[in-house]
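target_39.cif (mmCIF, C-alpha atoms and all ligand atoms)
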data_start
#
loop_
_atom_site.label_atom_id
_atom_site.label_comp_id
_atom_site.auth_asym_id
_atom_site.auth_seq_id
_atom_site.Cartn_x
_atom_site.Cartn_y
_atom_site.Cartn_z
CA MET A 1 -4.91 -19.80 15.84
CA GLN A 2 -7.08 -17.08 17.30
CA ALA A 3 -6.76 -13.53 16.04
CA ARG A 4 -8.57 -10.24 16.43
CA ILE A 5 -8.81 -8.23 13.25
CA ALA A 6 -10.04 -4.64 13.28
CA VAL A 7 -11.92 -3.76 10.09
CA LEU A 8 -12.06 -0.09 9.09
CA PRO A 9 -14.00 0.14 5.81
CA GLY A 10 -13.71 3.93 5.61
CA ASP A 11 -15.39 5.71 2.70
CA GLY A 12 -16.56 5.11 -0.87
CA ILE A 13 -15.57 1.76 -2.33
CA GLY A 14 -13.64 1.01 0.87
CA VAL A 15 -16.84 -0.45 2.28
CA GLU A 16 -17.33 -2.84 -0.63
CA VAL A 17 -13.74 -4.00 -1.05
CA THR A 18 -13.14 -4.71 2.65
CA ALA A 19 -16.27 -6.89 2.67
CA GLU A 20 -14.66 -9.11 0.01
CA ALA A 21 -11.37 -9.31 1.90
CA VAL A 22 -13.25 -10.35 5.05
CA LYS A 23 -15.07 -12.94 2.95
CA ALA A 24 -11.71 -14.42 1.91
CA LEU A 25 -10.38 -14.34 5.49
CA ARG A 26 -13.48 -16.10 6.82
CA LYS A 27 -13.03 -18.79 4.20
CA VAL A 28 -9.36 -19.20 5.17
CA ALA A 29 -10.31 -19.48 8.85
CA GLU A 30 -12.82 -22.20 8.02
CA ALA A 31 -10.50 -24.13 5.70
CA TYR A 32 -7.45 -24.03 7.98
CA GLY A 33 -9.14 -24.22 11.38
CA HIS A 34 -8.48 -20.72 12.67
CA SER A 35 -10.73 -18.40 14.58
CA PHE A 36 -10.69 -14.78 13.45
CA ALA A 37 -12.81 -12.22 15.30
CA PHE A 38 -13.69 -9.20 13.13
CA GLU A 39 -14.71 -5.92 14.70
CA GLU A 40 -15.62 -2.83 12.68
CA ALA A 41 -15.04 0.85 13.42
CA LEU A 42 -15.34 4.20 11.66
CA VAL A 43 -12.51 6.23 10.16
CA GLY A 44 -12.22 9.08 7.65
CA GLY A 45 -15.25 10.86 6.22
CA ALA A 46 -17.69 8.32 7.68
CA ALA A 47 -16.25 9.06 11.13
CA ILE A 48 -16.45 12.83 10.55
CA ASP A 49 -20.14 12.49 9.68
CA ALA A 50 -20.89 10.38 12.74
CA THR A 51 -18.65 12.02 15.35
CA GLY A 52 -16.98 15.11 13.87
CA ASN A 53 -13.60 13.38 14.27
CA PRO A 54 -11.84 11.48 11.43
CA LEU A 55 -10.16 9.22 13.99
CA PRO A 56 -12.46 8.65 16.98
CA ALA A 57 -10.79 7.38 20.18
CA VAL A 58 -12.82 4.15 20.05
CA THR A 59 -11.39 3.39 16.61
CA LEU A 60 -7.81 3.87 17.78
CA GLU A 61 -8.48 1.77 20.88
CA LEU A 62 -9.97 -1.02 18.80
CA CYS A 63 -6.83 -1.05 16.62
CA ARG A 64 -4.61 -1.11 19.69
CA ARG A 65 -6.27 -4.21 21.10
CA SER A 66 -6.32 -6.02 17.76
CA ASP A 67 -3.61 -8.17 16.17
CA ALA A 68 -3.97 -6.42 12.83
CA VAL A 69 -6.05 -3.80 11.04
CA LEU A 70 -7.73 -4.15 7.66
CA LEU A 71 -8.54 -0.78 6.10
CA GLY A 72 -10.51 0.12 2.97
CA ALA A 73 -10.03 3.68 1.75
CA ILE A 74 -10.85 7.15 2.96
CA GLY A 75 -11.94 10.49 1.52
CA GLY A 76 -14.39 11.92 -0.99
CA PRO A 77 -15.64 15.19 -2.48
CA LYS A 78 -18.07 15.63 0.39
CA TRP A 79 -15.19 16.38 2.76
CA ASP A 80 -12.90 18.08 0.26
CA ASP A 81 -13.44 21.75 1.10
CA PRO A 82 -9.88 23.16 1.21
CA ARG A 83 -10.89 25.58 4.00
CA SER A 84 -12.10 22.79 6.24
CA THR A 85 -9.84 22.06 9.21
CA VAL A 86 -11.12 18.49 9.56
CA ARG A 87 -10.22 16.13 6.74
CA PRO A 88 -10.70 12.36 6.26
CA GLU A 89 -6.97 11.99 5.48
CA GLN A 90 -6.20 13.03 9.05
CA GLY A 91 -7.80 9.77 10.13
CA LEU A 92 -5.44 7.71 8.02
CA LEU A 93 -2.36 9.73 8.95
CA GLY A 94 -3.39 9.59 12.61
CA LEU A 95 -3.60 5.80 12.46
CA ARG A 96 -0.17 5.54 10.83
CA LYS A 97 1.46 7.85 13.36
CA ASN A 98 -0.31 6.66 16.51
CA LEU A 99 0.20 2.99 15.69
CA GLY A 100 3.87 3.53 14.77
CA LEU A 101 3.42 2.09 11.26
CA TYR A 102 6.71 3.31 9.84
CA ALA A 103 7.34 0.72 7.10
CA ASN A 104 4.90 0.62 4.22
CA LEU A 105 5.38 -2.38 1.91
CA ARG A 106 3.92 -1.98 -1.56
CA PRO A 107 4.62 -4.99 -3.75
CA VAL A 108 4.10 -4.57 -7.49
CA ARG A 109 3.78 -7.67 -9.58
CA LEU A 110 2.14 -8.32 -12.87
CA TYR A 111 -0.16 -11.29 -13.23
CA PRO A 112 0.52 -12.89 -16.64
CA GLU A 113 -3.18 -12.68 -17.51
CA LEU A 114 -2.98 -8.90 -17.26
CA LEU A 115 0.03 -8.51 -19.54
CA HIS A 116 -2.04 -6.42 -21.91
CA ALA A 117 -3.87 -4.48 -19.20
CA SER A 118 -0.96 -2.08 -18.72
CA THR A 119 -0.66 0.92 -20.99
CA LEU A 120 3.03 0.04 -21.26
CA LYS A 121 4.35 -2.40 -23.86
CA PRO A 122 4.02 -6.08 -22.84
CA GLU A 123 7.76 -6.72 -23.27
CA VAL A 124 8.51 -3.89 -20.83
CA VAL A 125 6.20 -5.08 -18.04
CA ASP A 126 6.32 -8.85 -18.54
CA GLY A 127 7.76 -10.40 -15.36
CA VAL A 128 7.75 -7.23 -13.25
CA ASP A 129 8.12 -8.11 -9.56
CA LEU A 130 9.28 -5.32 -7.31
CA LEU A 131 8.68 -4.12 -3.79
CA VAL A 132 8.59 -0.49 -2.70
CA VAL A 133 9.30 0.08 0.99
CA ARG A 134 7.92 3.52 1.72
CA GLU A 135 8.78 5.35 4.96
CA LEU A 136 5.37 6.19 6.40
CA THR A 137 5.56 8.28 9.56
CA GLY A 138 8.07 11.00 8.70
CA GLY A 139 8.92 13.52 6.02
CA LEU A 140 6.57 16.15 4.63
CA TYR A 141 3.50 14.39 5.97
CA PHE A 142 4.38 15.10 9.59
CA GLY A 143 7.19 17.68 9.65
CA GLN A 144 6.66 20.93 11.60
CA PRO A 145 6.11 23.75 10.94
CA SER A 146 3.25 23.14 8.56
CA GLY A 147 0.55 25.66 7.84
CA ARG A 148 -0.44 28.83 6.08
CA TRP A 149 -0.58 32.52 6.86
CA GLU A 150 -0.76 35.88 5.14
CA THR A 151 1.93 38.54 4.96
CA ASN A 152 1.39 41.84 3.16
CA GLY A 153 -1.70 40.48 1.47
CA GLN A 154 0.24 37.47 0.11
CA ARG A 155 -1.06 34.03 1.05
CA GLN A 156 1.85 31.83 2.10
CA ALA A 157 2.23 28.23 3.21
CA VAL A 158 4.94 25.92 4.47
CA ASP A 159 5.52 22.19 4.89
CA THR A 160 8.63 20.69 6.39
CA MET A 161 10.54 17.62 5.31
CA ALA A 162 12.31 16.32 8.39
CA TYR A 163 14.07 13.02 9.16
CA SER A 164 16.14 11.71 12.03
CA GLU A 165 18.77 9.04 11.55
CA GLY A 166 16.74 6.57 13.62
CA GLU A 167 13.76 6.94 11.28
CA ILE A 168 15.95 6.29 8.25
CA GLU A 169 17.90 3.44 9.82
CA ARG A 170 14.87 1.32 10.74
CA VAL A 171 13.11 1.53 7.40
CA VAL A 172 16.26 0.84 5.36
CA ARG A 173 16.85 -2.17 7.63
CA VAL A 174 13.35 -3.48 6.81
CA ALA A 175 14.13 -3.12 3.09
CA CYS A 176 17.42 -5.01 3.43
CA GLU A 177 15.82 -7.79 5.48
CA LEU A 178 13.06 -8.25 2.90
CA ALA A 179 15.56 -8.18 0.02
CA ARG A 180 17.25 -11.23 1.57
CA GLY A 181 14.17 -13.29 0.75
CA ARG A 182 14.00 -11.87 -2.78
CA ARG A 183 16.62 -11.09 -5.45
CA ARG A 184 18.93 -9.35 -2.91
CA LYS A 185 19.02 -5.96 -4.51
CA VAL A 186 18.08 -2.68 -2.82
CA THR A 187 17.76 0.70 -4.52
CA SER A 188 17.59 3.58 -2.05
CA VAL A 189 15.84 6.54 -3.66
CA ASP A 190 16.43 10.16 -2.64
CA LYS A 191 17.06 13.67 -3.94
CA ALA A 192 20.52 14.07 -2.40
CA ASN A 193 21.62 16.58 -5.04
CA VAL A 194 19.17 19.09 -3.56
CA LEU A 195 17.73 18.10 -0.17
CA SER A 196 19.51 17.97 3.21
CA THR A 197 17.16 15.23 4.41
CA SER A 198 18.17 13.19 1.37
CA ARG A 199 21.87 13.66 2.08
CA LEU A 200 21.30 12.36 5.61
CA TRP A 201 19.18 9.56 4.15
CA ARG A 202 22.01 8.55 1.80
CA GLU A 203 24.60 8.60 4.58
CA VAL A 204 22.55 6.50 6.99
CA ALA A 205 21.35 4.11 4.27
CA THR A 206 24.97 3.46 3.27
CA GLU A 207 25.81 2.60 6.90
CA VAL A 208 22.87 0.20 7.18
CA ALA A 209 23.67 -1.47 3.84
CA ALA A 210 27.25 -2.11 5.00
CA ARG A 211 25.77 -4.56 7.51
CA TYR A 212 24.26 -6.57 4.62
CA PRO A 213 27.22 -7.60 2.45
CA ALA A 214 25.13 -10.14 0.50
CA ILE A 215 22.88 -7.39 -0.79
CA ALA A 216 23.62 -5.34 -3.88
CA PHE A 217 22.88 -1.84 -2.67
CA GLU A 218 22.74 1.37 -4.66
CA HIS A 219 21.44 4.93 -4.49
CA MET A 220 19.28 6.52 -7.16
CA LEU A 221 17.84 10.00 -7.51
CA VAL A 222 14.06 10.08 -7.44
CA ASP A 223 13.69 11.70 -10.85
CA THR A 224 15.86 9.01 -12.40
CA CYS A 225 13.85 6.36 -10.57
CA ALA A 226 10.56 7.76 -11.91
CA MET A 227 11.93 7.46 -15.44
CA ARG A 228 13.50 4.04 -14.92
CA LEU A 229 10.27 2.62 -13.47
CA VAL A 230 8.52 2.93 -16.80
CA ARG A 231 11.54 2.46 -19.05
CA GLN A 232 13.03 -0.64 -17.45
CA PRO A 233 10.90 -1.74 -14.46
CA LYS A 234 12.44 -5.20 -14.31
CA TYR A 235 15.66 -3.49 -13.24
CA PHE A 236 14.24 -3.14 -9.70
CA ASP A 237 13.91 -5.60 -6.85
CA VAL A 238 13.45 -3.60 -3.61
CA ILE A 239 13.14 0.19 -3.61
CA VAL A 240 13.33 2.03 -0.28
CA THR A 241 12.42 5.69 -0.05
CA GLU A 242 10.97 8.47 2.06
CA ASN A 243 7.26 9.13 2.52
CA THR A 244 6.32 11.54 -0.30
CA PHE A 245 8.60 9.99 -2.92
CA GLY A 246 7.14 6.59 -2.06
CA ASP A 247 3.60 7.89 -2.38
CA ILE A 248 4.21 9.24 -5.86
CA LEU A 249 6.38 6.40 -7.16
CA THR A 250 3.86 3.73 -6.13
CA ASP A 251 1.00 5.35 -8.03
CA GLU A 252 3.32 5.37 -11.02
CA ALA A 253 4.35 1.75 -10.40
CA SER A 254 0.72 0.63 -10.26
CA VAL A 255 0.56 1.15 -14.02
CA LEU A 256 3.01 -1.73 -14.35
CA ALA A 257 0.48 -4.08 -12.74
CA GLY A 258 -2.33 -2.98 -15.05
CA SER A 259 -4.48 -1.19 -12.47
CA MET A 260 -4.39 0.51 -9.08
CA GLY A 261 -7.06 -2.04 -8.21
CA MET A 262 -4.40 -4.75 -8.09
CA LEU A 263 -1.95 -3.27 -5.56
CA PRO A 264 -2.04 -4.23 -1.87
CA SER A 265 0.00 -2.78 0.96
CA ALA A 266 1.17 -3.53 4.48
CA SER A 267 2.09 -0.85 7.01
CA LEU A 268 4.22 -2.36 9.73
CA ALA A 269 5.20 -1.34 13.24
CA GLU A 270 8.22 -2.52 15.25
CA SER A 271 6.21 -5.55 16.42
CA ASN A 272 4.20 -7.92 14.21
CA PHE A 273 1.34 -5.47 14.35
CA GLY A 274 0.32 -3.99 11.03
CA MET A 275 -2.37 -2.24 9.05
CA TYR A 276 -3.30 -3.55 5.62
CA GLU A 277 -4.94 -1.57 2.85
CA PRO A 278 -5.16 -1.27 -0.92
CA ILE A 279 -3.05 1.57 -2.31
CA HIS A 280 -6.00 2.95 -4.28
CA GLY A 281 -8.35 5.61 -2.97
CA SER A 282 -12.06 5.62 -2.16
CA ALA A 283 -13.13 6.22 -5.81
CA PRO A 284 -16.36 8.06 -4.82
CA HIS A 285 -17.71 7.90 -8.40
CA ARG A 286 -17.71 4.10 -8.22
CA ALA A 287 -19.03 3.78 -4.67
CA GLY A 288 -22.05 1.58 -4.06
CA GLN A 289 -22.10 0.27 -7.62
CA ASN A 290 -20.59 -3.15 -7.04
CA SER A 291 -18.00 -2.36 -9.70
CA ALA A 292 -14.75 -1.78 -7.79
CA ASN A 293 -11.92 -4.30 -8.01
CA PRO A 294 -11.56 -5.99 -4.59
CA ILE A 295 -8.28 -7.75 -5.48
CA ALA A 296 -5.97 -5.11 -3.96
CA THR A 297 -7.77 -5.47 -0.62
CA VAL A 298 -7.96 -9.24 -0.82
CA LEU A 299 -4.20 -9.32 -1.47
CA SER A 300 -3.76 -6.96 1.48
CA ALA A 301 -5.54 -9.57 3.61
CA ALA A 302 -2.97 -12.10 2.39
CA MET A 303 -0.21 -9.75 3.55
CA LEU A 304 -1.99 -9.50 6.92
CA LEU A 305 -1.86 -13.27 7.30
CA ARG A 306 1.82 -13.33 6.36
CA HIS A 307 3.21 -10.36 8.28
CA SER A 308 1.01 -10.09 11.37
CA LEU A 309 -0.13 -13.68 11.93
CA SER A 310 2.79 -15.62 10.38
CA LEU A 311 0.26 -17.76 8.46
CA PHE A 312 2.38 -18.26 5.35
CA THR A 313 0.53 -21.17 3.73
CA GLU A 314 -2.76 -19.36 4.18
CA ALA A 315 -1.35 -16.16 2.66
CA GLU A 316 -0.17 -18.09 -0.36
CA ALA A 317 -3.57 -19.76 -0.66
CA ILE A 318 -5.22 -16.35 -1.05
CA GLU A 319 -2.65 -15.26 -3.61
CA ARG A 320 -3.14 -18.49 -5.53
CA ALA A 321 -6.94 -18.10 -5.43
CA VAL A 322 -6.59 -14.59 -6.92
CA ALA A 323 -4.30 -15.91 -9.67
CA GLU A 324 -6.75 -18.71 -10.43
CA ALA A 325 -9.75 -16.39 -10.61
CA LEU A 326 -7.82 -14.23 -13.07
CA ALA A 327 -6.71 -17.26 -15.07
CA ALA A 328 -10.34 -18.37 -15.27
CA GLY A 329 -11.07 -15.06 -16.99
CA TYR A 330 -12.86 -13.13 -14.23
CA ARG A 331 -12.32 -9.38 -14.59
CA THR A 332 -13.66 -6.31 -12.89
CA ASN A 333 -14.23 -3.10 -14.84
CA ASP A 334 -10.72 -1.72 -14.43
CA ILE A 335 -8.97 -4.76 -15.91
CA VAL A 336 -11.47 -6.02 -18.47
CA GLY A 337 -11.16 -5.89 -22.22
CA ARG A 338 -7.45 -5.42 -22.41
CA SER A 339 -6.34 -8.99 -21.88
CA LEU A 340 -6.92 -12.44 -23.24
CA THR A 341 -7.28 -15.70 -21.39
CA LEU A 342 -6.16 -18.94 -23.01
CA GLU A 343 -9.61 -19.40 -24.47
CA GLY A 344 -9.91 -15.74 -25.29
CA ILE A 345 -12.84 -15.38 -22.91
CA GLU A 346 -13.23 -12.80 -20.20
CA HIS A 347 -16.10 -12.56 -17.76
CA LEU A 348 -16.90 -9.06 -16.54
CA VAL A 349 -17.97 -9.33 -12.91
CA GLY A 350 -18.77 -7.00 -10.03
CA THR A 351 -17.02 -6.57 -6.71
CA ARG A 352 -19.04 -9.24 -4.93
CA GLU A 353 -18.79 -11.76 -7.75
CA MET A 354 -15.01 -11.34 -7.94
CA GLY A 355 -14.89 -11.87 -4.18
CA ASP A 356 -17.02 -15.00 -4.56
CA GLN A 357 -14.76 -16.35 -7.31
CA ILE A 358 -11.72 -15.89 -5.09
CA ALA A 359 -13.40 -17.32 -1.97
CA ALA A 360 -14.60 -20.35 -3.94
CA ARG A 361 -10.98 -21.18 -4.72
CA LEU A 362 -9.86 -21.16 -1.09
C1 LIG A 401 -1.78 6.59 0.02
C2 LIG A 401 -2.73 7.76 -0.06
C3 LIG A 401 -2.57 8.60 1.20
C4 LIG A 401 -1.14 9.09 1.25
C5 LIG A 401 -3.55 9.78 1.30
C6 LIG A 401 -4.98 9.33 1.18
C7 LIG A 401 -3.33 10.56 2.56
O1 LIG A 401 -2.49 8.50 -1.21
O2 LIG A 401 -1.93 5.77 0.95
O3 LIG A 401 -0.91 6.45 -0.84
O4 LIG A 401 -0.80 10.12 0.64
O5 LIG A 401 -0.32 8.43 1.91
MN MN A 402 -0.96 7.65 -2.54
#
Please rewrite the model in this file as structure tokens.
Amino acid sequence: MQARIAVLPGDGIGVEVTAEAVKALRKVAEAYGHSFAFEEALVGGAAIDATGNPLPAVTLELCRRSDAVLLGAIGGPKWDDPRSTVRPEQGLLGLRKNLGLYANLRPVRLYPELLHASTLKPEVVDGVDLLVVRELTGGLYFGQPSGRWETNGQRQAVDTMAYSEGEIERVVRVACELARGRRRKVTSVDKANVLSTSRLWREVATEVAARYPAIAFEHMLVDTCAMRLVRQPKYFDVIVTENTFGDILTDEASVLAGSMGMLPSASLAESNFGMYEPIHGSAPHRAGQNSANPIATVLSAAMLLRHSLSLFTEAEAIERAVAEALAAGYRTNDIVGRSLTLEGIEHLVGTREMGDQIAARL
């Protein structure tokens, strides 16, 4: 198969981790006889520095004529001035909105080798395998009005949480469809005891779920969900929730997997088109040190193969290669020293070496 993949490294460690994901994809192409064309473009802080715009038109155009987008991470202290009107995050949000990437899949699973990497008790996290489907183009992130002003010498600000039934319907449908291939359980998370948007969410989600009789469907308040995620994470199969709740809950859920450096994501549009990125940030303090964990991005590349290119065997090959590299004891900084291999030996490696270990197993 031929595919065009846009690569947007972004800022900080984004540059290093995307390089390792591309390394894995090149190896897959070679091993399975595919031809992937990679083309790079700027986004985030790097794009602000070069063009003044966190999402240059050429970057958006490249994404539009590609089959999928692989993204690293964006942001950093350099662009963090709260008074600045241009922010790296606008690049990421602009991509999500302009490309119609409304369904953000964030799978959380614990590799057995990392059982002791979590700060939670092994018996609590052992066997965790859940999927958060986060709504990605609505809610507080995009609702209007949003801004700040001053009245009578008081600084004020507003953000708006807004949802239409169509936005809720399509993302809950994605969650139900994905649950069919899993343990057939969907937990829809909201704050319906307080928020109007959540009451609409609950109503529409109930209607969608009625079309999936084989799925065990339930509602849960977001505060309860936050507690349950660390108390009894194995309770969950698929969680579907709005944008901000999903953002917060997935950082929390990453603790279950031992490190943010392990969690990939897929952001999907109505078509097969998607953007794939680790859920972690640009970690400016680690940038350029060859110490970041590339696994989240490499696993995002596996999701790219599965969801945008329908290359299922190849996706599984990447996931298996990651599991094998971990089983062989290879560990980056974030996951070292808290786990034991069968032989009790761990090898601390850098970003590139971890990427090499994975690629060698493809
Ligand atoms: C994420 C990030 C982004 C978000 C930021 C960088 C805008 O935290 O992808 O989870 O809040 O969605
Ligand atoms: Mn986040």
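For A:Gln90, the set of protein, DNA and RNA residues having any atom at most 8 Å away, when counting only C-alpha atoms and skipping those fewer than 5 positions along the same chain, is Gly44, Pro54 and Leu55 of chain A.
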Which residues of chain A sit at most 8 Å from ligand LIG 401 (chain A), using all atoms listed in the file? Give each one's shortest atom pair and distance in Å (one decimal place), in chain and ascending residue order, as a tab-separated table.
residue	atom	partner	partner_atom	distance
A:Ala73	CA	A:LIG401	C6	7.6
A:Ile74	CA	A:LIG401	C6	6.5
A:Gly75	CA	A:LIG401	C6	7.1
A:Glu89	CA	A:LIG401	C7	4.9
A:Gln90	CA	A:LIG401	C7	7.5
A:Leu92	CA	A:LIG401	C7	6.5
A:Leu93	CA	A:LIG401	C7	6.5
A:Leu136	CA	A:LIG401	O5	7.6
A:Asn243	CA	A:LIG401	O5	7.6
A:Thr244	CA	A:LIG401	O4	7.3
A:Asp247	CA	A:LIG401	O3	5.0
A:Ile248	CA	A:LIG401	O3	7.7
A:Thr250	CA	A:LIG401	O3	7.6
A:Asp251	CA	A:LIG401	O3	7.5
A:Pro278	CA	A:LIG401	O2	8.0
A:Ile279	CA	A:LIG401	O2	5.4
A:His280	CA	A:LIG401	C1	7.0
A:Gly281	CA	A:LIG401	C6	6.5
- Using only C-alpha atoms, which residues sit within 8 Å of A:Gln144 once same-chain residues fewer than 6 positions away are excluded, as a list in words?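 Listed by chain and then number, they are Asp159, Thr160 and Ala162 of chain A.
What separates atom CA of A:Leu99 from atom CA of A:Leu60 is a distance of 8.3 Å.
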- Item | atom CA of A:Tyr235 to atom CA of A:Val204, straight-line distance in Å |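 That distance, rounded to one decimal, is 23.6 Å.
When all atoms listed in the file are used to measure the gap to ligand MN 402 (chain A), the shortest distance among A:Val22, A:Val349, A:Leu249, A:Ala257 belongs to A:Leu249.
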- Query: So which one's closest to ligand MN 402 (chain A), A:Leu71, A:Val128, A:Ala253, A:Ala205? Using all atoms listed in the file, please.
  - Reply: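 Under the stated criterion, the closest residue is A:Ala253.
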